[in-house]
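Engineer: Sharing upload04.cif (mmCIF, C-alpha atoms and all ligand atoms) below.
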```cif
data_final
loop_
_atom_site.label_atom_id
_atom_site.label_comp_id
_atom_site.auth_asym_id
_atom_site.auth_seq_id
_atom_site.Cartn_x
_atom_site.Cartn_y
_atom_site.Cartn_z
CA MET A 188 0.00 0.00 0.00
CA GLU A 189 1.30 3.44 -0.80
CA ASN A 190 1.65 5.69 2.21
CA ASP A 191 1.29 8.99 0.41
CA LYS A 192 -2.36 8.39 -0.58
CA PRO A 193 -5.29 8.86 1.80
CA VAL A 194 -6.95 5.78 0.30
CA ILE A 195 -6.44 3.44 -2.63
CA ILE A 196 -9.17 3.45 -5.25
CA SER A 197 -9.60 0.13 -7.03
CA PRO A 198 -11.94 0.73 -10.00
CA SER A 199 -14.20 -2.24 -10.73
CA LEU A 200 -13.91 -3.22 -14.39
CA LEU A 201 -17.45 -4.56 -14.19
CA SER A 202 -18.54 -1.02 -15.08
CA SER A 203 -15.88 -0.48 -17.75
CA ASP A 204 -16.25 -0.79 -21.51
CA PHE A 205 -15.64 -4.51 -22.17
CA THR A 206 -15.08 -3.89 -25.88
CA ARG A 207 -11.91 -1.98 -25.04
CA LEU A 208 -10.56 -3.50 -21.84
CA GLY A 209 -6.90 -3.04 -22.78
CA GLN A 210 -7.44 0.65 -23.47
CA GLU A 211 -9.40 1.08 -20.22
CA LEU A 212 -6.45 -0.37 -18.28
CA ALA A 213 -4.03 1.94 -20.07
CA ASP A 214 -6.27 4.92 -19.35
CA LEU A 215 -6.48 4.01 -15.65
CA GLU A 216 -2.72 3.76 -15.38
CA LYS A 217 -2.25 7.06 -17.16
CA ALA A 218 -4.78 8.70 -14.84
CA GLY A 219 -2.68 7.71 -11.80
CA LEU A 220 -4.56 4.64 -10.57
CA SER A 221 -2.42 1.88 -9.06
CA TRP A 222 -5.01 -0.87 -8.50
CA VAL A 223 -7.76 -2.37 -10.63
CA HIS A 224 -10.56 -4.66 -9.41
CA TRP A 225 -11.60 -7.76 -11.37
CA ASP A 226 -15.05 -9.12 -10.50
CA VAL A 227 -14.97 -12.79 -11.44
CA MET A 228 -18.48 -14.31 -11.35
CA ASP A 229 -19.45 -17.89 -12.15
CA GLY A 230 -23.25 -17.84 -12.43
CA ALA A 231 -23.43 -20.18 -9.39
CA PHE A 232 -22.11 -18.36 -6.32
CA VAL A 233 -23.71 -15.24 -7.79
CA PRO A 234 -26.35 -15.04 -10.54
CA ASN A 235 -24.12 -13.16 -12.97
CA ILE A 236 -21.27 -14.43 -15.21
CA THR A 237 -18.29 -12.24 -16.16
CA PHE A 238 -14.76 -13.24 -17.15
CA GLY A 239 -12.11 -15.78 -16.19
CA PRO A 240 -8.36 -16.44 -16.32
CA PRO A 241 -7.86 -16.06 -20.12
CA VAL A 242 -9.19 -12.50 -20.12
CA ILE A 243 -7.06 -11.57 -17.11
CA ALA A 244 -3.97 -13.21 -18.65
CA ALA A 245 -4.43 -11.31 -21.92
CA CYS A 246 -4.71 -8.00 -20.05
CA ARG A 247 -1.78 -8.81 -17.77
CA GLU A 248 0.53 -8.47 -20.75
CA LYS A 249 -0.71 -4.91 -21.30
CA SER A 250 -0.81 -3.56 -17.78
CA ASP A 251 1.37 -2.93 -14.75
CA LEU A 252 -1.61 -2.17 -12.49
CA PHE A 253 -2.02 -4.19 -9.30
CA PHE A 254 -4.59 -6.85 -10.24
CA ASP A 255 -7.04 -7.14 -7.34
CA VAL A 256 -9.05 -10.25 -8.21
CA HIS A 257 -12.39 -10.75 -6.44
CA LEU A 258 -13.51 -14.35 -6.89
CA MET A 259 -17.28 -14.61 -6.62
CA ILE A 260 -17.17 -18.29 -7.48
CA GLU A 261 -18.01 -21.57 -5.80
CA ASN A 262 -15.15 -23.83 -4.78
CA PRO A 263 -12.41 -21.32 -5.68
CA ASP A 264 -9.70 -23.83 -4.66
CA ARG A 265 -10.04 -25.41 -8.11
CA TYR A 266 -8.86 -22.22 -9.81
CA LEU A 267 -6.28 -20.59 -7.51
CA ASP A 268 -3.40 -21.87 -9.58
CA GLU A 269 -4.95 -20.72 -12.85
CA PHE A 270 -5.69 -17.21 -11.59
CA THR A 271 -2.15 -16.98 -10.22
CA LYS A 272 -0.71 -17.95 -13.60
CA ALA A 273 -3.04 -15.44 -15.26
CA GLY A 274 -1.29 -12.69 -13.29
CA ALA A 275 -3.39 -11.92 -10.21
CA ASP A 276 -1.48 -9.92 -7.58
CA LEU A 277 -4.15 -10.55 -4.96
CA LEU A 278 -6.79 -13.28 -4.76
CA CYS A 279 -9.88 -12.62 -2.69
CA VAL A 280 -12.12 -15.59 -1.94
CA HIS A 281 -15.53 -15.48 -0.28
CA ALA A 282 -15.74 -16.93 3.22
CA GLU A 283 -19.17 -18.30 2.24
CA ALA A 284 -17.65 -20.33 -0.62
CA CYS A 285 -14.82 -21.92 1.40
CA PRO A 286 -15.58 -24.64 3.93
CA HIS A 287 -11.85 -24.90 4.72
CA LEU A 288 -10.99 -21.22 4.64
CA GLU A 289 -7.64 -21.47 6.43
CA ARG A 290 -6.44 -24.04 3.91
CA THR A 291 -7.54 -21.86 0.99
CA VAL A 292 -5.84 -18.77 2.40
CA SER A 293 -2.61 -20.68 3.08
CA GLU A 294 -2.66 -22.02 -0.47
CA ILE A 295 -3.01 -18.51 -1.93
CA ALA A 296 -0.01 -17.37 0.12
CA ARG A 297 1.97 -20.43 -0.94
CA LEU A 298 1.34 -19.52 -4.57
CA GLY A 299 3.01 -16.16 -3.91
CA VAL A 300 -0.15 -14.06 -4.21
CA LYS A 301 -1.59 -11.74 -1.57
CA PRO A 302 -4.43 -13.55 0.27
CA ALA A 303 -7.74 -11.84 0.97
CA VAL A 304 -11.18 -12.90 2.18
CA ALA A 305 -14.51 -11.28 1.34
CA VAL A 306 -17.55 -11.40 3.60
CA ASN A 307 -21.10 -10.92 2.37
CA PRO A 308 -23.21 -8.28 4.13
CA HIS A 309 -24.93 -10.78 6.45
CA THR A 310 -21.78 -12.76 7.28
CA SER A 311 -20.39 -12.29 10.77
CA LEU A 312 -16.79 -11.12 11.13
CA SER A 313 -16.26 -13.94 13.62
CA VAL A 314 -15.32 -16.32 10.76
CA LEU A 315 -12.15 -14.24 10.36
CA GLU A 316 -11.09 -14.09 13.99
CA PHE A 317 -8.38 -16.75 13.94
CA ILE A 318 -7.03 -16.15 10.44
CA LEU A 319 -6.76 -12.35 10.48
CA PRO A 320 -2.94 -12.29 10.83
CA GLN A 321 -2.67 -14.42 7.67
CA LEU A 322 -4.75 -12.00 5.60
CA TYR A 323 -3.33 -9.17 3.55
CA MET A 324 -6.84 -7.79 3.15
CA VAL A 325 -10.46 -8.30 4.18
CA LEU A 326 -13.16 -7.23 1.74
CA VAL A 327 -16.33 -6.01 3.42
CA MET A 328 -19.15 -6.39 0.90
CA SER A 329 -21.46 -3.42 1.26
CA VAL A 330 -23.96 -4.82 -1.26
CA ASN A 331 -24.99 -8.39 -2.01
CA PRO A 332 -22.51 -9.50 -4.67
CA GLY A 333 -23.47 -10.06 -8.29
CA PHE A 334 -24.14 -6.69 -9.86
CA GLY A 335 -22.77 -3.18 -10.08
CA GLY A 336 -24.79 -0.07 -9.38
CA GLN A 337 -26.51 -1.22 -6.17
CA LYS A 338 -27.13 0.87 -3.06
CA PHE A 339 -24.69 0.84 -0.14
CA ILE A 340 -26.10 -1.15 2.80
CA PRO A 341 -25.85 1.25 5.80
CA PHE A 342 -24.95 -1.33 8.49
CA SER A 343 -21.68 -1.92 6.61
CA MET A 344 -20.31 1.21 8.32
CA GLU A 345 -20.57 -0.38 11.75
CA LYS A 346 -19.06 -3.57 10.37
CA ILE A 347 -15.97 -1.70 9.15
CA SER A 348 -15.44 -0.16 12.60
CA ARG A 349 -15.74 -3.55 14.26
CA LEU A 350 -13.30 -5.09 11.80
CA LYS A 351 -10.81 -2.28 12.35
CA ASP A 352 -11.06 -2.96 16.07
CA MET A 353 -10.52 -6.71 15.59
CA ILE A 354 -7.44 -6.06 13.44
CA GLU A 355 -5.94 -3.72 16.02
CA LYS A 356 -6.64 -6.13 18.86
CA ALA A 357 -5.03 -8.96 16.91
CA GLY A 358 -1.98 -6.78 16.22
CA ALA A 359 -2.44 -7.61 12.53
CA LYS A 360 -1.58 -5.46 9.52
CA THR A 361 -4.59 -6.52 7.47
CA ILE A 362 -6.05 -3.80 5.27
CA ILE A 363 -9.78 -3.24 4.83
CA GLN A 364 -11.42 -3.03 1.42
CA VAL A 365 -15.03 -1.97 0.88
CA ASP A 366 -16.96 -2.97 -2.25
CA GLY A 367 -20.45 -1.96 -3.37
CA GLY A 368 -22.22 1.36 -3.56
CA VAL A 369 -19.07 3.36 -2.83
CA THR A 370 -19.26 7.01 -3.97
CA PRO A 371 -17.44 10.25 -3.09
CA ASP A 372 -20.36 10.90 -0.71
CA ASN A 373 -19.59 7.99 1.61
CA THR A 374 -15.82 7.95 1.07
CA TYR A 375 -14.98 10.21 4.02
CA GLU A 376 -16.82 8.07 6.55
CA LEU A 377 -15.50 4.81 5.08
CA VAL A 378 -11.91 6.01 5.38
CA LYS A 379 -12.51 7.46 8.85
CA ARG A 380 -13.76 4.07 10.00
CA GLY A 381 -10.68 2.31 8.68
CA ALA A 382 -11.11 1.45 5.00
CA GLY A 383 -7.79 1.47 3.15
CA VAL A 384 -9.01 0.40 -0.30
CA LEU A 385 -12.29 1.40 -1.90
CA VAL A 386 -13.73 -0.42 -4.89
CA SER A 387 -15.84 1.71 -7.17
CA GLY A 388 -17.57 0.61 -10.36
CA SER A 389 -20.49 2.74 -11.50
CA ALA A 390 -19.48 5.82 -9.50
CA PHE A 391 -16.04 5.71 -11.08
CA PHE A 392 -16.42 4.67 -14.72
CA GLY A 393 -19.62 6.67 -15.10
CA TYR A 394 -17.75 9.94 -14.47
CA PRO A 395 -14.74 10.38 -16.76
CA PRO A 396 -12.12 11.70 -17.11
CA TYR A 397 -10.56 9.19 -14.74
CA LYS A 398 -7.80 11.48 -13.45
CA GLU A 399 -10.35 14.02 -12.21
CA ARG A 400 -12.57 11.29 -10.79
CA LEU A 401 -9.63 9.85 -8.84
CA GLU A 402 -8.89 13.31 -7.45
CA ILE A 403 -12.51 13.71 -6.34
CA PHE A 404 -12.37 10.40 -4.46
CA GLU A 405 -9.00 11.27 -2.92
CA SER A 406 -10.10 14.67 -1.72
CA ALA A 407 -13.36 13.18 -0.40
CA ALA A 408 -11.22 10.80 1.66
CA VAL A 409 -9.69 13.64 3.66
CA GLN A 410 -12.56 16.08 3.67
CA GLU A 411 -16.28 15.41 3.94
CA ALA A 412 -17.87 15.52 0.47
CA GLY A 413 -20.39 17.82 -1.07
CA ASN A 414 -18.08 18.17 -4.00
CA GLN A 415 -19.54 15.88 -6.64
C1 LIG B 501 -20.47 -6.53 -6.92
C2 LIG B 501 -19.01 -6.34 -7.24
C3 LIG B 501 -18.56 -4.94 -7.18
C4 LIG B 501 -19.27 -4.00 -8.12
C5 LIG B 501 -19.27 -2.63 -7.50
O1 LIG B 501 -20.75 -7.87 -6.90
O2 LIG B 501 -18.22 -7.09 -6.35
O3 LIG B 501 -17.15 -4.85 -7.35
O4 LIG B 501 -18.68 -3.93 -9.38
O5 LIG B 501 -20.03 -1.81 -8.29
P1 LIG B 501 -20.60 -0.43 -7.76
O6 LIG B 501 -19.43 0.39 -7.35
O7 LIG B 501 -21.31 0.12 -8.96
O8 LIG B 501 -21.52 -0.73 -6.61
ZN ZN B 502 -15.98 -6.75 -6.38
#
```
Take the structure in this file and express it as structure tokens.

Structural biologist:
Amino acid sequence: MENDKPVIISPSLLSSDFTRLGQELADLEKAGLSWVHWDVMDGAFVPNITFGPPVIAACREKSDLFFDVHLMIENPDRYLDEFTKAGADLLCVHAEACPHLERTVSEIARLGVKPAVAVNPHTSLSVLEFILPQLYMVLVMSVNPGFGGQKFIPFSMEKISRLKDMIEKAGAKTIIQVDGGVTPDNTYELVKRGAGVLVSGSAFFGYPPYKERLEIFESAAVQEAGNQ
């Protein structure tokens, strides 16, 4: 994580122009983004289907961005190796999709990729208690996964504060990512409560140019919004 930024914005490609993915990645990099968020959906864990390892591998050759790969798939253990070879820098599995979560997380780390776990809105943080020190990141889902453009679920704010507290008590360095319904309007509170990485799909790609949009998010992180 860079220390000079108030928050990292990880734009969700789900809201990008799929006909020109390579160009979108180049534009993000040029605009000063460092991360990009890949929403992998299998039509089973979530109702929607998106892209898989071949698309990520093709884009890896064209981009130096940090590939933040959110696996909304059942039984992700089957594909960890493939997504690693495709060029993921971070693999985030859903706690709800992993009956042996510690084993899955250890395997991601063994593959040399940063391990992360996502929790659906209703999922208790208690599933993370004993594995927190092993996690590079926890993704707090602030919508039910599957689609972009949904409304932020308000109780997620309290969940972020509780997670921040758990991380501090555990003496861990785990970073907190928030995904779903993130806008410049809720950015200040999210960061104040402990979010280090914000995923934004519709509220990012819907408002080009990307450099200006990034600046709006970054200034919202340090000063309460009213500026969009
Ligand atoms: C939802 C995905 C999100 C989504 C966010 O299942 O995990 O990453 O793209 O989209 P917005 O920012 O539009 O809520
Ligand atoms: Zn996501």

Engineer: List all protein, DNA and RNA residues that have any atom at most 6 Å from ligand LIG 501 (chain B), counting all atoms listed in the file, and write the list as a PyMOL selection string.

Structural biologist: chain A and resi 199+201+226+332-337+366-369+387-390

Engineer: Determine, counting only C-alpha atoms, every residue of protein, DNA or RNA that lies within 8 Å of (-7.9, -23.0, 1.2) in the file coordinates, then give the result as a PyMOL selection string.

Structural biologist: chain A and resi 264+285+287-295

Engineer: Could those residues be written to a file, using C-alpha atoms, as an mmCIF file, in the frame of the given file?

Structural biologist:
```cif
data_model
loop_
_atom_site.group_PDB
_atom_site.id
_atom_site.type_symbol
_atom_site.label_atom_id
_atom_site.label_comp_id
_atom_site.auth_asym_id
_atom_site.auth_seq_id
_atom_site.Cartn_x
_atom_site.Cartn_y
_atom_site.Cartn_z
ATOM 1 C CA ASP A 264 -9.700 -23.830 -4.660
ATOM 2 C CA CYS A 285 -14.820 -21.920 1.400
ATOM 3 C CA HIS A 287 -11.850 -24.900 4.720
ATOM 4 C CA LEU A 288 -10.990 -21.220 4.640
ATOM 5 C CA GLU A 289 -7.640 -21.470 6.430
ATOM 6 C CA ARG A 290 -6.440 -24.040 3.910
ATOM 7 C CA THR A 291 -7.540 -21.860 0.990
ATOM 8 C CA VAL A 292 -5.840 -18.770 2.400
ATOM 9 C CA SER A 293 -2.610 -20.680 3.080
ATOM 10 C CA GLU A 294 -2.660 -22.020 -0.470
ATOM 11 C CA ILE A 295 -3.010 -18.510 -1.930
#
```

Engineer: Figure out the distance between CA of Asp204 in chain A and CA of Ile243 in chain A, please, to one decimal in Å.

Structural biologist: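 Those two atoms sit 14.8 Å apart.
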
Engineer: Work out how far CA of Phe392 in chain A is from CA of Ser250 in chain A, in Å to one decimal.

Structural biologist: 17.9 Å

Engineer: Could you give me, as a list in words, the residues that have an atom at most 6 Å away from the point (-13.7, 9.5, 3.6) in the coordinates of the file, using only C-alpha atoms?

Structural biologist: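 Here the neighbourhood of the point contains Thr374, Tyr375, Glu376, Leu377, Val378, Lys379, Ala407, Ala408 and Val409 of chain A.
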
Engineer: Counting all atoms listed in the file, which of A:Glu216, A:Asp255, A:Asp229, A:Asp268 gets nearest to ligand ZN 502 (chain B)?

Structural biologist: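 Distance minimum relative to ligand ZN 502 (chain B) lands on A:Asp255.
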
Engineer: Given all atoms listed in the file as the basis, pick out the residue of A:Val327, A:Ile318, A:Ile236, A:Ala296 nearest to ligand ZN 502 (chain B).

Structural biologist: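 So, comparing all the options, the nearest one is A:Val327.
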
Engineer: Could you check how far CA of Pro341 in chain A sits from CA of Thr370 in chain A, in Å to one decimal?

Structural biologist: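 Taking CA of Pro341 in chain A as the start and CA of Thr370 in chain A as the end point, the length is 13.1 Å.
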
Engineer: I'd like the contact shell of Asp251 in chain A - 12 Å cut-off, all atoms listed in the file, skipping same-chain residues fewer than 2 positions apart - returned as a VMD selection string.

Structural biologist: chain A and resid 209 212 to 217 219 to 223 246 to 249 253 to 255 274 to 276

Engineer: Would you export the selected residues with C-alpha atoms as an mmCIF file, in the coordinates of the input, please?

Structural biologist:
```
data_model
loop_
_atom_site.group_PDB
_atom_site.id
_atom_site.type_symbol
_atom_site.label_atom_id
_atom_site.label_comp_id
_atom_site.auth_asym_id
_atom_site.auth_seq_id
_atom_site.Cartn_x
_atom_site.Cartn_y
_atom_site.Cartn_z
ATOM 1 C CA GLY A 209 -6.900 -3.040 -22.780
ATOM 2 C CA LEU A 212 -6.450 -0.370 -18.280
ATOM 3 C CA ALA A 213 -4.030 1.940 -20.070
ATOM 4 C CA ASP A 214 -6.270 4.920 -19.350
ATOM 5 C CA LEU A 215 -6.480 4.010 -15.650
ATOM 6 C CA GLU A 216 -2.720 3.760 -15.380
ATOM 7 C CA LYS A 217 -2.250 7.060 -17.160
ATOM 8 C CA GLY A 219 -2.680 7.710 -11.800
ATOM 9 C CA LEU A 220 -4.560 4.640 -10.570
ATOM 10 C CA SER A 221 -2.420 1.880 -9.060
ATOM 11 C CA TRP A 222 -5.010 -0.870 -8.500
ATOM 12 C CA VAL A 223 -7.760 -2.370 -10.630
ATOM 13 C CA CYS A 246 -4.710 -8.000 -20.050
ATOM 14 C CA ARG A 247 -1.780 -8.810 -17.770
ATOM 15 C CA GLU A 248 0.530 -8.470 -20.750
ATOM 16 C CA LYS A 249 -0.710 -4.910 -21.300
ATOM 17 C CA PHE A 253 -2.020 -4.190 -9.300
ATOM 18 C CA PHE A 254 -4.590 -6.850 -10.240
ATOM 19 C CA ASP A 255 -7.040 -7.140 -7.340
ATOM 20 C CA GLY A 274 -1.290 -12.690 -13.290
ATOM 21 C CA ALA A 275 -3.390 -11.920 -10.210
ATOM 22 C CA ASP A 276 -1.480 -9.920 -7.580
#
```

Engineer: Give me, as an NGL selection string, all polymer residues having an atom no more than 10 Å from Phe342 in chain A, counting only C-alpha atoms and skipping those fewer than 4 positions away in the same chain.

Structural biologist: :A and (308-309 or 329 or 346-347)

Engineer: I need the residues from that last selection saved to file as a PDB file, keeping the file's coordinate frame (with C-alpha atoms), if you can.

Structural biologist:
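That gives us result-v6.pdb:
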```
ATOM      1  CA  PRO A 308     -23.210  -8.280   4.130  1.00  0.00           C
ATOM      2  CA  HIS A 309     -24.930 -10.780   6.450  1.00  0.00           C
ATOM      3  CA  SER A 329     -21.460  -3.420   1.260  1.00  0.00           C
ATOM      4  CA  LYS A 346     -19.060  -3.570  10.370  1.00  0.00           C
ATOM      5  CA  ILE A 347     -15.970  -1.700   9.150  1.00  0.00           C
TER       6      ILE A 347
END
```

Engineer: Between A:Leu298, A:Val304, A:Val194, A:Phe238, which residue has the minimum interatomic distance to Gly381 in chain A, considering only C-alpha atoms?

Structural biologist: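 For Gly381 in chain A, the nearest of the candidates is A:Val194.
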
Engineer: Hey, what's within 10 Å of Glu283 in chain A if we count all atoms listed in the file and toss same-chain stuff fewer than 4 positions away? As a list of chain:residue names, please?

Structural biologist: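 Skipping anything fewer than 4 positions along the chain leaves A:Phe232, A:Met259, A:Ile260, A:Glu261, A:Asn262, A:Leu288, A:Val304, A:Ala305, A:Val306, A:Asn307, A:Thr310, A:Val314.
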
Engineer: Point out the residue among A:Val256, A:Val365, A:Val330, A:Leu312 with the least atom-to-atom distance to Val300 in chain A, counting all atoms listed in the file.

Structural biologist: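 Once distances to Val300 in chain A are computed over all atoms listed in the file, the minimum belongs to A:Val256.
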
Engineer: With only C-alpha atoms as the basis for distance, which of A:Thr271, A:Asn331, A:Gln410, A:Ser202 is at the shortest distance from Thr237 in chain A?

Structural biologist: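 Looking at the shortest contact to Thr237 in chain A, the residue is A:Ser202.
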